[in-house]
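Shown next: target_16.csv, containing CSV, C-alpha atoms.
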chain,number,residue,atom,x,y,z
F,1,ASP,CA,-3.1,40.5,-2.6
F,2,THR,CA,-3.8,39.2,0.9
F,3,GLY,CA,-2.7,35.6,0.4
F,4,VAL,CA,0.5,33.9,1.5
F,5,SER,CA,3.6,35.3,-0.4
F,6,GLN,CA,7.0,33.8,-0.8
F,7,ASP,CA,10.3,35.2,-2.0
F,8,PRO,CA,12.2,34.4,-4.1
F,9,ARG,CA,10.1,32.3,-6.4
F,10,HIS,CA,13.1,30.6,-7.9
F,11,LYS,CA,16.7,30.2,-6.5
F,12,ILE,CA,19.6,28.6,-8.3
F,13,THR,CA,22.7,28.0,-6.2
F,14,LYS,CA,25.9,26.1,-6.1
F,15,ARG,CA,26.5,23.2,-3.7
F,16,GLY,CA,27.9,24.4,-0.5
F,17,GLN,CA,26.3,27.9,-0.6
F,18,ASN,CA,23.8,29.1,2.0
F,19,VAL,CA,20.3,30.2,0.9
F,20,THR,CA,17.5,32.0,2.7
F,21,PHE,CA,13.8,32.0,1.8
F,22,ARG,CA,11.1,34.3,3.1
F,23,CYS,CA,7.4,33.7,3.8
F,24,ASP,CA,4.7,36.3,4.5
F,25,PRO,CA,1.6,34.7,5.9
F,26,ILE,CA,-2.0,35.9,5.8
F,27,SER,CA,-1.9,38.7,8.3
F,28,GLU,CA,-4.6,37.3,10.7
F,29,HIS,CA,-3.0,33.8,10.8
F,30,ASN,CA,-1.0,32.9,13.9
F,31,ARG,CA,0.3,29.6,12.6
F,32,LEU,CA,2.9,29.3,9.9
F,33,TYR,CA,4.1,26.1,8.3
F,34,TRP,CA,7.0,25.1,6.1
F,35,TYR,CA,6.9,22.1,3.7
F,36,ARG,CA,9.2,20.6,1.2
F,37,GLN,CA,7.9,19.1,-2.1
F,38,THR,CA,9.9,17.0,-4.5
F,39,LEU,CA,8.8,16.0,-8.0
F,40,GLY,CA,6.0,13.5,-7.9
F,41,GLN,CA,5.5,13.7,-4.2
F,42,GLY,CA,3.1,15.5,-2.0
F,43,PRO,CA,4.3,18.3,0.4
F,44,GLU,CA,6.2,17.0,3.4
F,45,PHE,CA,6.0,18.8,6.7
F,46,LEU,CA,9.2,20.5,8.0
F,47,THR,CA,8.3,22.8,10.9
F,48,TYR,CA,5.6,25.1,12.2
F,49,PHE,CA,5.3,28.2,14.3
F,50,GLN,CA,2.5,29.6,16.4
F,51,ASN,CA,3.3,33.3,16.6
F,52,GLU,CA,7.0,33.5,17.2
F,53,ALA,CA,7.4,30.1,18.9
F,54,GLN,CA,8.6,27.1,16.8
F,55,LEU,CA,6.5,24.3,18.1
F,56,GLU,CA,7.6,21.3,16.1
F,57,LYS,CA,10.3,20.2,13.7
F,58,SER,CA,10.3,17.2,11.5
F,59,ARG,CA,13.2,14.8,11.5
F,60,LEU,CA,13.6,15.9,7.8
F,61,LEU,CA,14.9,19.2,9.1
F,62,SER,CA,18.6,18.5,9.5
F,63,ASP,CA,20.9,20.8,11.5
F,64,ARG,CA,21.7,22.6,8.2
F,65,PHE,CA,18.1,23.9,8.2
F,66,SER,CA,17.0,26.7,10.5
F,67,ALA,CA,13.7,28.6,10.5
F,68,GLU,CA,12.7,31.7,12.4
F,69,ARG,CA,9.7,33.9,12.9
F,70,PRO,CA,11.1,36.7,15.0
F,71,LYS,CA,8.1,38.9,15.4
F,72,GLY,CA,5.4,36.4,14.8
F,73,SER,CA,4.8,37.8,11.3
F,74,PHE,CA,7.0,36.8,8.4
F,75,SER,CA,9.3,33.7,8.6
F,76,THR,CA,12.6,32.8,7.1
F,77,LEU,CA,14.0,29.4,6.2
F,78,GLU,CA,17.7,29.1,5.9
F,79,ILE,CA,19.6,26.2,4.4
F,80,GLN,CA,23.3,26.1,5.1
F,81,ARG,CA,25.9,24.3,3.0
F,82,THR,CA,23.3,23.3,0.4
F,83,GLU,CA,23.4,19.8,-1.1
F,84,GLN,CA,22.0,18.6,-4.4
F,85,GLY,CA,19.4,16.6,-2.5
F,86,ASP,CA,18.0,19.9,-1.1
F,87,SER,CA,16.7,20.7,-4.6
F,88,ALA,CA,12.9,20.9,-4.2
F,89,MET,CA,10.0,23.3,-3.9
F,90,TYR,CA,9.8,24.9,-0.5
F,91,LEU,CA,6.2,25.8,0.5
F,92,CYS,CA,4.9,28.0,3.2
F,93,ALA,CA,1.3,27.9,4.5
F,94,SER,CA,-0.6,29.7,7.2
F,95,SER,CA,-3.7,29.1,9.3
F,96,PHE,CA,-5.6,30.1,12.4
F,97,PRO,CA,-4.8,28.0,15.5
F,98,GLY,CA,-7.0,25.0,15.7
F,99,ARG,CA,-7.8,25.2,12.0
F,100,VAL,CA,-4.9,23.1,10.8
F,101,ASN,CA,-7.2,21.5,8.2
F,102,GLU,CA,-7.6,25.0,6.6
F,103,GLN,CA,-4.1,25.9,5.6
F,104,PHE,CA,-3.5,28.3,2.8
F,105,PHE,CA,-0.4,27.9,0.8
F,106,GLY,CA,2.0,30.3,-0.9
F,107,PRO,CA,3.3,29.8,-4.4
F,108,GLY,CA,6.5,28.2,-3.2
F,109,THR,CA,10.2,28.8,-3.7
F,110,ARG,CA,11.8,26.4,-6.2
F,111,LEU,CA,15.4,25.7,-5.2
F,112,THR,CA,17.9,24.2,-7.6
F,113,VAL,CA,21.3,23.2,-6.2
F,114,LEU,CA,23.9,22.6,-8.9
Q,1,GLN,CA,2.1,1.1,5.2
Q,2,LYS,CA,2.1,4.8,4.5
Q,3,GLU,CA,-0.4,6.9,6.3
Q,4,VAL,CA,-2.0,8.1,3.1
Q,5,GLU,CA,-1.9,6.2,-0.2
Q,6,GLN,CA,-2.8,7.8,-3.5
Q,7,ASP,CA,-2.4,6.5,-7.1
Q,8,PRO,CA,-0.2,9.1,-8.9
Q,9,GLY,CA,-1.9,8.5,-12.3
Q,10,PRO,CA,-1.8,10.2,-14.8
Q,11,LEU,CA,-5.6,10.0,-15.3
Q,12,SER,CA,-6.9,11.2,-18.6
Q,13,VAL,CA,-10.6,11.7,-19.2
Q,14,PRO,CA,-12.6,13.5,-21.9
Q,15,GLU,CA,-14.2,16.9,-21.2
Q,16,GLY,CA,-17.6,16.6,-19.6
Q,17,ALA,CA,-16.9,13.2,-17.9
Q,18,ILE,CA,-17.3,12.5,-14.2
Q,19,VAL,CA,-13.9,12.1,-12.6
Q,20,SER,CA,-13.3,10.0,-9.5
Q,21,LEU,CA,-10.1,10.4,-7.5
Q,22,ASN,CA,-9.4,8.2,-4.5
Q,23,CYS,CA,-7.1,7.7,-1.5
Q,24,THR,CA,-6.8,5.2,1.3
Q,25,TYR,CA,-5.5,6.0,4.8
Q,26,SER,CA,-4.2,3.8,7.6
Q,27,ASN,CA,-5.4,5.2,10.9
Q,28,SER,CA,-9.1,5.0,11.8
Q,29,ALA,CA,-8.5,7.8,14.3
Q,30,PHE,CA,-8.1,10.5,11.6
Q,31,GLN,CA,-11.0,12.9,11.6
Q,32,TYR,CA,-10.2,15.6,9.0
Q,33,PHE,CA,-9.8,14.8,5.3
Q,34,MET,CA,-8.9,17.4,2.8
Q,35,TRP,CA,-8.5,17.7,-1.0
Q,36,TYR,CA,-6.0,20.2,-2.5
Q,37,ARG,CA,-5.6,21.1,-6.1
Q,38,GLN,CA,-2.1,22.0,-7.4
Q,39,TYR,CA,-1.4,23.5,-10.8
Q,40,SER,CA,2.0,23.1,-12.3
Q,41,ARG,CA,4.7,25.1,-10.5
Q,42,LYS,CA,2.1,26.6,-8.1
Q,43,GLY,CA,1.3,26.0,-4.4
Q,44,PRO,CA,-1.6,23.7,-3.4
Q,45,GLU,CA,-5.0,25.3,-3.1
Q,46,LEU,CA,-7.5,23.9,-0.6
Q,47,LEU,CA,-10.6,22.7,-2.5
Q,48,MET,CA,-12.6,21.3,0.4
Q,49,TYR,CA,-12.4,19.3,3.6
Q,50,THR,CA,-14.7,17.0,5.4
Q,51,TYR,CA,-14.9,16.1,9.1
Q,52,SER,CA,-15.5,12.5,10.0
Q,53,SER,CA,-17.5,10.6,7.5
Q,54,GLY,CA,-20.1,11.4,4.9
Q,55,ASN,CA,-20.3,13.7,1.9
Q,56,LYS,CA,-19.7,17.3,1.2
Q,57,GLU,CA,-20.6,19.1,-2.0
Q,58,ASP,CA,-19.3,22.3,-3.4
Q,59,GLY,CA,-20.4,23.2,-7.0
Q,60,ARG,CA,-19.1,20.5,-9.3
Q,61,PHE,CA,-17.0,18.9,-6.6
Q,62,THR,CA,-18.1,16.3,-4.1
Q,63,ALA,CA,-15.9,14.9,-1.3
Q,64,GLN,CA,-16.8,11.6,0.3
Q,65,VAL,CA,-15.3,9.7,3.3
Q,66,ASP,CA,-16.0,6.1,4.1
Q,67,LYS,CA,-14.5,5.5,7.5
Q,68,SER,CA,-15.4,1.8,7.5
Q,69,SER,CA,-13.1,1.1,4.6
Q,70,LYS,CA,-10.7,4.1,5.2
Q,71,TYR,CA,-11.4,5.4,1.8
Q,72,ILE,CA,-11.7,9.0,0.7
Q,73,SER,CA,-12.9,10.2,-2.7
Q,74,LEU,CA,-13.3,13.3,-4.7
Q,75,PHE,CA,-15.8,13.5,-7.6
Q,76,ILE,CA,-15.7,16.2,-10.3
Q,77,ARG,CA,-18.8,16.5,-12.4
Q,78,ASP,CA,-18.9,18.0,-15.9
Q,79,SER,CA,-15.1,18.1,-16.0
Q,80,GLN,CA,-13.4,21.0,-17.7
Q,81,PRO,CA,-9.9,21.4,-19.2
Q,82,SER,CA,-9.2,23.9,-16.5
Q,83,ASP,CA,-9.6,21.1,-14.0
Q,84,SER,CA,-6.3,19.6,-15.3
Q,85,ALA,CA,-4.0,19.6,-12.3
Q,86,THR,CA,-2.6,17.4,-9.6
Q,87,TYR,CA,-5.1,16.6,-6.8
Q,88,LEU,CA,-3.7,15.9,-3.4
Q,89,CYS,CA,-5.6,14.2,-0.7
Q,90,ALA,CA,-4.5,14.9,2.9
Q,91,ILE,CA,-5.4,14.1,6.5
Q,92,VAL,CA,-4.7,15.7,9.8
Q,93,ASP,CA,-2.8,13.3,12.0
Q,94,ARG,CA,-2.9,12.9,15.7
Q,95,ASP,CA,0.0,15.3,16.1
Q,96,ASP,CA,-2.1,18.0,14.4
Q,97,LYS,CA,0.0,17.9,11.2
Q,98,ILE,CA,-1.1,17.5,7.6
Q,99,ILE,CA,0.0,14.3,5.9
Q,100,PHE,CA,-0.4,14.5,2.1
Q,101,GLY,CA,-0.8,11.7,-0.5
Q,102,LYS,CA,1.5,11.8,-3.5
Q,103,GLY,CA,-1.1,13.4,-5.7
Q,104,THR,CA,-2.9,12.2,-8.8
Q,105,ARG,CA,-2.2,14.0,-12.1
Q,106,LEU,CA,-5.4,14.6,-13.9
Q,107,HIS,CA,-5.7,15.6,-17.6
Q,108,ILE,CA,-9.1,16.7,-19.0
Q,109,LEU,CA,-9.0,16.2,-22.8
Q,110,PRO,CA,-10.9,18.9,-24.8

Please rewrite the model in this file as structure tokens.
Amino acid sequence: DTGVSQDPRHKITKRGQNVTFRCDPISEHNRLYWYRQTLGQGPEFLTYFQNEAQLEKSRLLSDRFSAERPKGSFSTLEIQRTEQGDSAMYLCASSFPGRVNEQFFGPGTRLTVL
Amino acid sequence: QKEVEQDPGPLSVPEGAIVSLNCTYSNSAFQYFMWYRQYSRKGPELLMYTYSSGNKEDGRFTAQVDKSSKYISLFIRDSQPSDSATYLCAIVDRDDKIIFGKGTRLHILP
């Protein structure tokens, strides 16, 4: 399968714990995006990378959130000291540079914070 | 006003009917308009995109942009139960980010 993959698909954690999600983009894609989606809403932009450089972060990305893409391939999104309000689907997408209108999404990681 | 507005539905239509899904947007400078389909508990899947105004057709799907009224539409002909999903409209904003609508839940009744 050459699409975008995410791991894990589901994560249940207790409030205050740290969690880390992984995204593997389509191999030829330089850009990698993270989104958050809550029930009944469309995905909301969190941050994106071009190769290993993090180029933009949304104000939704509080200081408890950190994302990395150390070698310009896979990316991780870490949430520290999780809160119940962090419960959501975390989506990763990738694209070629200049083709932001053609982003391909992974299946998402569903986070539940108890 | 939100940048992209979309009626969340749900919208229920009988199999074989023509479905019309719509969004409005706020900024006349937007140039790229996309439609994504999202099945329950899955990631969004790009259906089609249009640049500027006009129509684009792909099989049973037609996307339409009316820049004068800032209105974007997706038409589905000969709707099938497998078309039941949430349909998200989206635009590329001036900072090169995608802004999504809330999505419209569509049910095709067999």

Compile the residues of chain Q that lie within 12 Å of chain F, evaluated using only C-alpha atoms, and express the compilation as JSON, numbers by chain.
-> {"Q": [4, 5, 6, 7, 8, 9, 10, 30, 31, 32, 33, 34, 35, 36, 37, 38, 39, 40, 41, 42, 43, 44, 45, 46, 47, 48, 49, 50, 51, 86, 87, 88, 89, 90, 91, 92, 93, 94, 95, 96, 97, 98, 99, 100, 101, 102, 103, 104, 105]}

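Using all atoms listed in the file, the nearest neighbour of F:Gly72 within the list F:Asp24, F:Glu52, F:Asp7, F:Asp86 is F:Glu52.
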
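Between atom CA of F:Gly3 and atom CA of F:Leu32 there is a distance of 12.7 Å.
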
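For the atom pair formed by atom CA of F:Cys23 and atom CA of F:Thr82, the distance is 19.3 Å, given to one decimal.
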
Length of the atom CA of Q:Glu3 to atom CA of Q:Thr24 vector [Å] |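 Spanning atom CA of Q:Glu3 to atom CA of Q:Thr24 is a straight-line distance of 8.3 Å.
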
Need the shell around F:Pro70: protein/DNA/RNA residues with any atom at most 9 Å away, counting only C-alpha atoms. Skip same-chain ones fewer than 4 positions apart. Format as a PDB file with C-alpha atoms, in the frame of the given file?
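That gives us around.pdb:
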ATOM      1  CA  ASN F  51       3.300  33.300  16.600  1.00  0.00           C
ATOM      2  CA  GLU F  52       7.000  33.500  17.200  1.00  0.00           C
ATOM      3  CA  ALA F  53       7.400  30.100  18.900  1.00  0.00           C
ATOM      4  CA  PHE F  74       7.000  36.800   8.400  1.00  0.00           C
ATOM      5  CA  SER F  75       9.300  33.700   8.600  1.00  0.00           C
ATOM      6  CA  THR F  76      12.600  32.800   7.100  1.00  0.00           C
TER       7      THR F  76
END

Near-Q:Arg77 list (10 Å; only C-alpha atoms; drop same-chain fewer than 4 positions) as an MDAnalysis selection string | chainID Q and resid 15:20 59:62

Deliver the residues from the most recent selection as a file, using C-alpha atoms, as an mmCIF file, keeping the file's coordinate frame.
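Saved result, out-v2.cif, follows:
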data_model
loop_
_atom_site.group_PDB
_atom_site.id
_atom_site.type_symbol
_atom_site.label_atom_id
_atom_site.label_comp_id
_atom_site.auth_asym_id
_atom_site.auth_seq_id
_atom_site.Cartn_x
_atom_site.Cartn_y
_atom_site.Cartn_z
ATOM 1 C CA GLU Q 15 -14.200 16.900 -21.200
ATOM 2 C CA GLY Q 16 -17.600 16.600 -19.600
ATOM 3 C CA ALA Q 17 -16.900 13.200 -17.900
ATOM 4 C CA ILE Q 18 -17.300 12.500 -14.200
ATOM 5 C CA VAL Q 19 -13.900 12.100 -12.600
ATOM 6 C CA SER Q 20 -13.300 10.000 -9.500
ATOM 7 C CA GLY Q 59 -20.400 23.200 -7.000
ATOM 8 C CA ARG Q 60 -19.100 20.500 -9.300
ATOM 9 C CA PHE Q 61 -17.000 18.900 -6.600
ATOM 10 C CA THR Q 62 -18.100 16.300 -4.100
#

Spatial neighbours of Q:Lys70, max dist 7 Å, all atoms listed in the file, sep filter under 4 positions, as a list in words |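 Everything that qualifies: Thr24, Tyr25, Ser26, Ser28 and Asp66 of chain Q.
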
Write to file, as a PDB file, in the coordinates of the input, the residues of the selection just made, with C-alpha atoms.
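As a result, selection-v1.pdb now contains:
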ATOM      1  CA  THR Q  24      -6.800   5.200   1.300  1.00  0.00           C
ATOM      2  CA  TYR Q  25      -5.500   6.000   4.800  1.00  0.00           C
ATOM      3  CA  SER Q  26      -4.200   3.800   7.600  1.00  0.00           C
ATOM      4  CA  SER Q  28      -9.100   5.000  11.800  1.00  0.00           C
ATOM      5  CA  ASP Q  66     -16.000   6.100   4.100  1.00  0.00           C
TER       6      ASP Q  66
END

Who sits within 7 Å of F:Arg64, all atoms listed in the file, same chain under 5 positions skipped, as JSON, numbers by chain | {"F": [79, 80, 81]}

At a cut-off of 9 Å from (-4.6, 31.3, 16.0) in the coordinates of the file, what residues are picked up using all atoms listed in the file, written as a list of chain:residue names?
->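 Protein and nucleic acid residues near the point are F:Glu28, F:His29, F:Asn30, F:Arg31, F:Gln50, F:Asn51, F:Ser95, F:Phe96, F:Pro97, F:Gly98, F:Arg99.
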
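Taking all atoms listed in the file into account, the polymer residues that have an atom no farther than 9 Å from (17.8, 29.6, -0.1) are Pro8, Lys11, Ile12, Thr13, Gln17, Asn18, Val19, Thr20, Phe21, Arg22, Leu77, Glu78, Ile79, Gln80, Thr82, Thr109 and Leu111 of chain F.
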
Fewer than 3 positions away in the same chain doesn't count, so skip those; otherwise give me all residues within 10 Å of F:Ser62, counting all atoms listed in the file, as an MDAnalysis selection string.
-> chainID F and resid 46 57:59 65:66 79:80
